[in-house]
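Everything on this sheet refers to the single structure shown next.
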Amino acid sequence: MKQIILISGIIFAMLMLLMYIFQRHLIYIPSRETPQLNDYQANDMQVITLHTQDGITLTSWYKPAKTNQATILYLHGNAGHIGYRMQLARQFIDAGLGLFLLEYRGYGGNKGRPSEQGLYEDGRAAMRFLHQQGIKSTQIVLYGESLGTGVATRLAVENSVCAVVLQSPFTSLTDLARYHYPWLLLKPWDRFESIDRIQAIHAPLLILHGKKDDVVPFSQGLALYQQAKQPKKMLSFVLNDHHTMWTAPDFSRNIVDFIDEHCARAVIR
């Protein structure tokens, strides 16, 4: 019996050690292929090259806004590449909004390895690019999807943007890790502590979360909403999970309406 307990303990310790060593392989699941505009019906977008302050070159996609419209900086989730976001992104473009689809380091053919601080640097490079195009922070909407919500809240603290949209947000990566692995005692290196900075965000906030989400529990999106300052709005999708949010009826329409409500005056000024 003691031997069985000892062996079980060793196996558990080894599993913990392996998960700790390879944790970023569990967090970041990039597609390394370089998406082509033609393959994702994105021919009206521009391929943009960014340079981060830590020396990484990023290829991303950009479509300027129509006159007197805001620009969305889209920060995608932990898997795939920007091409997979075009079905939703197309609906924003068709509404006249500008769109910057940021591709992170290590994703979509970009060099480098993703990390929390690295993704923040990628987001800052995108903000600098938009500023260089003559777009003020007050004309920019930060749109975070899943993992990208952690990047969006960081950028929202650093910039006075006109709105923040969080799709399927988590409170922190530590909380999310413990939700999936309650026996995991060690904190992850990358934590994306959105719950600690949500009250420092002064821009209008829209949170979108599916009640059937088994990747990021609805309770974490609700916790962020409850801690956030006004003006804020939360839309709950009873029949949708983490991967089907954008298919909900009027999903993009709700987002566009929120942006129009809170960004129109900031853009025109």
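Every chain in the structure tokens takes a letter, A first, then B, and so on in the order presented; its residues are numbered from 1, and the ligands are numbered from 1 following the presented order.
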Find the residues near Gln199 in chain A: any atom within 12 Å, counting only C-alpha atoms, skip ones fewer than 5 places away on the same chain, and give them as a ChimeraX atom specification.
/A:153-154,156-157,193-194,204-205,223-232
Writing out the chosen residues with C-alpha atoms as a PDB file, in the first residue's frame:
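So out.pdb came out as:
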```pdb
ATOM      1  CA  THR A 153      -7.527  44.989 -20.717  1.00  0.00           C
ATOM      2  CA  ARG A 154      -3.794  45.750 -20.533  1.00  0.00           C
ATOM      3  CA  ALA A 156      -7.166  49.689 -22.190  1.00  0.00           C
ATOM      4  CA  VAL A 157      -5.354  50.706 -19.016  1.00  0.00           C
ATOM      5  CA  GLU A 193      -4.721  39.463 -14.528  1.00  0.00           C
ATOM      6  CA  SER A 194      -7.726  41.241 -16.031  1.00  0.00           C
ATOM      7  CA  PRO A 204     -17.309  52.026 -22.116  1.00  0.00           C
ATOM      8  CA  LEU A 205     -17.199  48.251 -21.732  1.00  0.00           C
ATOM      9  CA  ALA A 223     -17.167  38.633 -12.253  1.00  0.00           C
ATOM     10  CA  LEU A 224     -15.368  41.060 -14.568  1.00  0.00           C
ATOM     11  CA  TYR A 225     -18.626  42.798 -15.392  1.00  0.00           C
ATOM     12  CA  GLN A 226     -19.528  43.196 -11.717  1.00  0.00           C
ATOM     13  CA  GLN A 227     -16.130  44.729 -10.915  1.00  0.00           C
ATOM     14  CA  ALA A 228     -16.048  47.062 -13.933  1.00  0.00           C
ATOM     15  CA  LYS A 229     -16.978  50.736 -13.839  1.00  0.00           C
ATOM     16  CA  GLN A 230     -19.863  52.303 -15.717  1.00  0.00           C
ATOM     17  CA  PRO A 231     -20.683  52.677 -18.526  1.00  0.00           C
ATOM     18  CA  LYS A 232     -20.837  48.935 -19.069  1.00  0.00           C
TER      19      LYS A 232
END
```
If we count only C-alpha atoms, what is near range 57-62 of chain A at a cut-off of 9 Å, once residues fewer than 6 positions away on the same chain are taken out, given as a count of residues only?
27
Using backbone DSSP assignments, extract all strand (DSSP E or B) residues from range 17-250 of chain A; output them as a PyMOL selection string.
chain A and resi 29-30+46-51+57-63+71-75+79-80+98-102+140-145+163-167+205-210+232-237
So that I have them on file, write out the residues from the current selection with N, CA and C atoms, as a short mmCIF file (atom, residue, chain, number, x, y, z; two decimals), in the first residue's frame.
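Output file out-v7.cif is given in full below:
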```cif
data_model
loop_
_atom_site.label_atom_id
_atom_site.label_comp_id
_atom_site.auth_asym_id
_atom_site.auth_seq_id
_atom_site.Cartn_x
_atom_site.Cartn_y
_atom_site.Cartn_z
N ILE A 29 -1.64 27.95 -28.85
CA ILE A 29 -1.76 26.89 -29.85
C ILE A 29 -1.83 27.56 -31.23
N PRO A 30 -0.70 28.08 -31.68
CA PRO A 30 -0.72 28.84 -32.94
C PRO A 30 -0.75 27.96 -34.18
N GLN A 46 -5.25 45.30 -46.29
CA GLN A 46 -3.83 45.50 -46.58
C GLN A 46 -2.99 44.60 -45.67
N VAL A 47 -1.91 44.05 -46.21
CA VAL A 47 -0.96 43.31 -45.39
C VAL A 47 0.03 44.32 -44.81
N ILE A 48 0.09 44.38 -43.49
CA ILE A 48 0.89 45.39 -42.79
C ILE A 48 2.04 44.71 -42.05
N THR A 49 3.20 45.36 -42.06
CA THR A 49 4.35 44.87 -41.30
C THR A 49 4.59 45.78 -40.10
N LEU A 50 4.62 45.19 -38.93
CA LEU A 50 4.87 45.92 -37.68
C LEU A 50 6.24 45.53 -37.12
N HIS A 51 6.80 46.44 -36.33
CA HIS A 51 8.06 46.15 -35.64
C HIS A 51 7.86 46.45 -34.16
N THR A 57 9.26 41.21 -35.88
CA THR A 57 8.53 41.71 -37.04
C THR A 57 7.23 40.93 -37.17
N LEU A 58 6.12 41.64 -37.27
CA LEU A 58 4.80 41.01 -37.32
C LEU A 58 4.09 41.38 -38.61
N THR A 59 3.49 40.40 -39.25
CA THR A 59 2.63 40.64 -40.40
C THR A 59 1.18 40.57 -39.95
N SER A 60 0.39 41.60 -40.25
CA SER A 60 -1.01 41.66 -39.83
C SER A 60 -1.84 42.21 -40.99
N TRP A 61 -3.17 42.28 -40.80
CA TRP A 61 -4.07 42.77 -41.84
C TRP A 61 -4.81 44.01 -41.36
N TYR A 62 -5.03 44.95 -42.30
CA TYR A 62 -5.64 46.22 -41.93
C TYR A 62 -6.59 46.71 -43.01
N LYS A 63 -7.73 47.23 -42.60
CA LYS A 63 -8.70 47.86 -43.48
C LYS A 63 -9.09 49.19 -42.86
N THR A 71 -12.22 52.53 -35.44
CA THR A 71 -11.38 51.42 -35.90
C THR A 71 -11.25 50.39 -34.79
N ILE A 72 -11.51 49.14 -35.12
CA ILE A 72 -11.38 48.04 -34.17
C ILE A 72 -9.97 47.45 -34.25
N LEU A 73 -9.31 47.36 -33.11
CA LEU A 73 -8.08 46.57 -32.99
C LEU A 73 -8.48 45.21 -32.44
N TYR A 74 -8.45 44.20 -33.31
CA TYR A 74 -8.95 42.87 -32.95
C TYR A 74 -7.80 42.02 -32.42
N LEU A 75 -7.96 41.53 -31.19
CA LEU A 75 -6.95 40.72 -30.50
C LEU A 75 -7.53 39.32 -30.32
N ALA A 79 -5.67 30.19 -30.28
CA ALA A 79 -5.46 29.17 -31.31
C ALA A 79 -5.62 29.75 -32.71
N GLY A 80 -5.00 29.09 -33.69
CA GLY A 80 -5.19 29.44 -35.08
C GLY A 80 -4.40 30.65 -35.52
N GLY A 98 -13.32 50.54 -39.29
CA GLY A 98 -11.96 50.14 -39.62
C GLY A 98 -11.62 48.88 -38.83
N LEU A 99 -10.67 48.10 -39.35
CA LEU A 99 -10.33 46.85 -38.68
C LEU A 99 -8.84 46.58 -38.80
N PHE A 100 -8.21 46.37 -37.67
CA PHE A 100 -6.82 45.91 -37.65
C PHE A 100 -6.81 44.53 -37.02
N LEU A 101 -6.53 43.52 -37.82
CA LEU A 101 -6.41 42.15 -37.33
C LEU A 101 -4.95 41.91 -36.96
N LEU A 102 -4.66 41.99 -35.70
CA LEU A 102 -3.28 41.82 -35.23
C LEU A 102 -2.92 40.34 -35.18
N ILE A 140 -10.35 54.41 -31.30
CA ILE A 140 -10.01 52.98 -31.38
C ILE A 140 -10.86 52.17 -30.41
N VAL A 141 -11.36 51.05 -30.89
CA VAL A 141 -12.07 50.06 -30.07
C VAL A 141 -11.16 48.87 -29.87
N LEU A 142 -10.92 48.50 -28.64
CA LEU A 142 -10.14 47.29 -28.34
C LEU A 142 -11.09 46.12 -28.24
N TYR A 143 -10.92 45.15 -29.14
CA TYR A 143 -11.78 43.96 -29.17
C TYR A 143 -10.93 42.75 -28.80
N GLY A 144 -11.19 42.18 -27.64
CA GLY A 144 -10.47 41.00 -27.21
C GLY A 144 -11.33 39.77 -27.29
N GLU A 145 -10.78 38.72 -27.85
CA GLU A 145 -11.46 37.42 -27.94
C GLU A 145 -10.72 36.42 -27.07
N ALA A 163 -13.86 52.54 -26.67
CA ALA A 163 -14.66 51.43 -26.15
C ALA A 163 -13.79 50.18 -26.06
N VAL A 164 -14.24 49.26 -25.20
CA VAL A 164 -13.58 47.96 -25.04
C VAL A 164 -14.65 46.88 -25.15
N VAL A 165 -14.39 45.89 -25.99
CA VAL A 165 -15.30 44.75 -26.15
C VAL A 165 -14.55 43.49 -25.78
N LEU A 166 -15.11 42.73 -24.84
CA LEU A 166 -14.48 41.50 -24.38
C LEU A 166 -15.40 40.32 -24.68
N GLN A 167 -14.94 39.43 -25.55
CA GLN A 167 -15.70 38.23 -25.92
C GLN A 167 -15.15 37.03 -25.17
N LEU A 205 -17.57 49.67 -21.67
CA LEU A 205 -17.20 48.25 -21.73
C LEU A 205 -18.39 47.39 -22.12
N LEU A 206 -18.17 46.51 -23.10
CA LEU A 206 -19.17 45.52 -23.50
C LEU A 206 -18.57 44.14 -23.31
N ILE A 207 -19.25 43.29 -22.53
CA ILE A 207 -18.82 41.91 -22.31
C ILE A 207 -19.84 40.98 -22.95
N LEU A 208 -19.34 40.01 -23.70
CA LEU A 208 -20.18 39.02 -24.38
C LEU A 208 -19.75 37.63 -23.92
N HIS A 209 -20.71 36.84 -23.43
CA HIS A 209 -20.32 35.52 -22.91
C HIS A 209 -21.46 34.52 -23.11
N GLY A 210 -21.07 33.31 -23.51
CA GLY A 210 -22.04 32.23 -23.68
C GLY A 210 -22.22 31.45 -22.39
N LYS A 232 -21.15 50.33 -18.74
CA LYS A 232 -20.84 48.93 -19.07
C LYS A 232 -22.11 48.21 -19.46
N LYS A 233 -21.92 47.14 -20.20
CA LYS A 233 -23.05 46.33 -20.65
C LYS A 233 -22.58 44.89 -20.80
N MET A 234 -23.42 43.93 -20.42
CA MET A 234 -23.09 42.53 -20.62
C MET A 234 -24.22 41.83 -21.35
N LEU A 235 -23.86 41.10 -22.39
CA LEU A 235 -24.83 40.31 -23.16
C LEU A 235 -24.52 38.83 -22.93
N SER A 236 -25.54 38.09 -22.47
CA SER A 236 -25.40 36.66 -22.21
C SER A 236 -26.10 35.88 -23.31
N PHE A 237 -25.45 34.83 -23.78
CA PHE A 237 -25.98 34.03 -24.88
C PHE A 237 -26.26 32.62 -24.34
#
```
Quick one: pick out all alpha helix (DSSP H) residues within range 3-247 of chain A from a backbone DSSP run and write them as a ChimeraX atom specification.
/A:3-21,23-27,86-94,116-132,147-158,173-180,194-197,218-227
Would you save the residues from that selection as a PDB file, in the first residue's frame, using C-alpha atoms?
```
ATOM      1  CA  GLN A   3       4.540   1.574  -2.327  1.00  0.00           C
ATOM      2  CA  ILE A   4       1.414   2.348  -4.352  1.00  0.00           C
ATOM      3  CA  ILE A   5       1.023   5.687  -2.576  1.00  0.00           C
ATOM      4  CA  LEU A   6       4.688   6.484  -3.208  1.00  0.00           C
ATOM      5  CA  ILE A   7       4.450   5.612  -6.902  1.00  0.00           C
ATOM      6  CA  SER A   8       1.242   7.641  -7.239  1.00  0.00           C
ATOM      7  CA  GLY A   9       2.934  10.585  -5.567  1.00  0.00           C
ATOM      8  CA  ILE A  10       5.903  10.376  -7.916  1.00  0.00           C
ATOM      9  CA  ILE A  11       3.643  10.195 -10.978  1.00  0.00           C
ATOM     10  CA  PHE A  12       1.630  13.185  -9.759  1.00  0.00           C
ATOM     11  CA  ALA A  13       4.803  15.192  -9.100  1.00  0.00           C
ATOM     12  CA  MET A  14       6.164  14.338 -12.553  1.00  0.00           C
ATOM     13  CA  LEU A  15       2.881  15.354 -14.182  1.00  0.00           C
ATOM     14  CA  MET A  16       2.931  18.659 -12.310  1.00  0.00           C
ATOM     15  CA  LEU A  17       6.536  19.250 -13.361  1.00  0.00           C
ATOM     16  CA  LEU A  18       5.843  18.484 -17.030  1.00  0.00           C
ATOM     17  CA  MET A  19       2.809  20.768 -17.100  1.00  0.00           C
ATOM     18  CA  TYR A  20       4.849  23.528 -15.487  1.00  0.00           C
ATOM     19  CA  ILE A  21       7.724  23.169 -17.957  1.00  0.00           C
ATOM     20  CA  GLN A  23       2.741  25.257 -19.885  1.00  0.00           C
ATOM     21  CA  ARG A  24       3.104  27.688 -22.769  1.00  0.00           C
ATOM     22  CA  HIS A  25       2.514  24.830 -25.210  1.00  0.00           C
ATOM     23  CA  LEU A  26      -0.835  24.322 -23.463  1.00  0.00           C
ATOM     24  CA  ILE A  27      -1.722  28.022 -23.417  1.00  0.00           C
ATOM     25  CA  MET A  86     -12.526  36.906 -41.072  1.00  0.00           C
ATOM     26  CA  GLN A  87     -16.127  35.666 -41.002  1.00  0.00           C
ATOM     27  CA  LEU A  88     -16.834  37.847 -37.978  1.00  0.00           C
ATOM     28  CA  ALA A  89     -14.402  40.575 -39.011  1.00  0.00           C
ATOM     29  CA  ARG A  90     -16.151  40.903 -42.384  1.00  0.00           C
ATOM     30  CA  GLN A  91     -19.338  41.965 -40.607  1.00  0.00           C
ATOM     31  CA  PHE A  92     -17.491  44.835 -38.914  1.00  0.00           C
ATOM     32  CA  ILE A  93     -15.927  45.916 -42.211  1.00  0.00           C
ATOM     33  CA  ASP A  94     -19.322  45.826 -43.944  1.00  0.00           C
ATOM     34  CA  GLU A 116       2.142  37.440 -21.873  1.00  0.00           C
ATOM     35  CA  GLN A 117       4.652  40.271 -22.104  1.00  0.00           C
ATOM     36  CA  GLY A 118       5.285  39.477 -25.763  1.00  0.00           C
ATOM     37  CA  LEU A 119       1.594  39.788 -26.650  1.00  0.00           C
ATOM     38  CA  TYR A 120       1.432  43.105 -24.807  1.00  0.00           C
ATOM     39  CA  GLU A 121       4.329  44.340 -26.948  1.00  0.00           C
ATOM     40  CA  ASP A 122       2.525  43.130 -30.079  1.00  0.00           C
ATOM     41  CA  GLY A 123      -0.581  45.065 -29.049  1.00  0.00           C
ATOM     42  CA  ARG A 124       1.454  48.208 -28.370  1.00  0.00           C
ATOM     43  CA  ALA A 125       3.030  47.951 -31.828  1.00  0.00           C
ATOM     44  CA  ALA A 126      -0.463  47.797 -33.346  1.00  0.00           C
ATOM     45  CA  MET A 127      -1.524  50.874 -31.377  1.00  0.00           C
ATOM     46  CA  ARG A 128       1.543  52.768 -32.619  1.00  0.00           C
ATOM     47  CA  PHE A 129       0.712  51.824 -36.198  1.00  0.00           C
ATOM     48  CA  LEU A 130      -2.841  53.112 -35.859  1.00  0.00           C
ATOM     49  CA  HIS A 131      -1.573  56.338 -34.326  1.00  0.00           C
ATOM     50  CA  GLN A 132       0.793  56.716 -37.301  1.00  0.00           C
ATOM     51  CA  LEU A 147      -7.029  35.012 -24.548  1.00  0.00           C
ATOM     52  CA  GLY A 148      -7.039  38.336 -26.381  1.00  0.00           C
ATOM     53  CA  THR A 149      -9.231  39.810 -23.642  1.00  0.00           C
ATOM     54  CA  GLY A 150      -6.200  39.734 -21.365  1.00  0.00           C
ATOM     55  CA  VAL A 151      -4.268  41.785 -23.928  1.00  0.00           C
ATOM     56  CA  ALA A 152      -7.224  44.140 -24.423  1.00  0.00           C
ATOM     57  CA  THR A 153      -7.527  44.989 -20.717  1.00  0.00           C
ATOM     58  CA  ARG A 154      -3.794  45.750 -20.533  1.00  0.00           C
ATOM     59  CA  LEU A 155      -3.968  48.093 -23.530  1.00  0.00           C
ATOM     60  CA  ALA A 156      -7.166  49.689 -22.190  1.00  0.00           C
ATOM     61  CA  VAL A 157      -5.354  50.706 -19.016  1.00  0.00           C
ATOM     62  CA  GLU A 158      -2.538  52.240 -21.068  1.00  0.00           C
ATOM     63  CA  LEU A 173      -5.131  32.813 -16.384  1.00  0.00           C
ATOM     64  CA  THR A 174      -4.424  31.576 -12.857  1.00  0.00           C
ATOM     65  CA  ASP A 175      -8.168  31.332 -12.157  1.00  0.00           C
ATOM     66  CA  LEU A 176      -8.770  29.664 -15.506  1.00  0.00           C
ATOM     67  CA  ALA A 177      -5.996  27.125 -14.969  1.00  0.00           C
ATOM     68  CA  ARG A 178      -7.443  26.190 -11.585  1.00  0.00           C
ATOM     69  CA  TYR A 179     -10.903  25.859 -13.116  1.00  0.00           C
ATOM     70  CA  HIS A 180      -9.603  23.231 -15.539  1.00  0.00           C
ATOM     71  CA  SER A 194      -7.726  41.241 -16.031  1.00  0.00           C
ATOM     72  CA  ILE A 195      -9.642  41.154 -12.745  1.00  0.00           C
ATOM     73  CA  ASP A 196      -6.910  43.234 -11.091  1.00  0.00           C
ATOM     74  CA  ARG A 197      -7.106  46.021 -13.669  1.00  0.00           C
ATOM     75  CA  PHE A 218     -19.603  32.307 -17.718  1.00  0.00           C
ATOM     76  CA  SER A 219     -18.992  33.127 -14.045  1.00  0.00           C
ATOM     77  CA  GLN A 220     -15.619  34.676 -14.890  1.00  0.00           C
ATOM     78  CA  GLY A 221     -17.114  37.033 -17.462  1.00  0.00           C
ATOM     79  CA  LEU A 222     -19.791  37.957 -14.940  1.00  0.00           C
ATOM     80  CA  ALA A 223     -17.167  38.633 -12.253  1.00  0.00           C
ATOM     81  CA  LEU A 224     -15.368  41.060 -14.568  1.00  0.00           C
ATOM     82  CA  TYR A 225     -18.626  42.798 -15.392  1.00  0.00           C
ATOM     83  CA  GLN A 226     -19.528  43.196 -11.717  1.00  0.00           C
ATOM     84  CA  GLN A 227     -16.130  44.729 -10.915  1.00  0.00           C
TER      85      GLN A 227
END
```
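Note that CA of Ser160 in chain A and CA of Ile198 in chain A are 13.7 Å apart.
Our summary of the geometry notes that CA of Tyr107 in chain A is positioned 24.1 Å from CA of Asp241 in chain A.
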Record the distance separating CA of Pro114 in chain A and CA of Asn78 in chain A, expressed in Å with one decimal.
9.6 Å
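Using only C-alpha atoms, the smallest distance between any of A:Phe170, A:Ala65, A:Gln139, A:Ala95 and Gly77 in chain A comes from A:Phe170.
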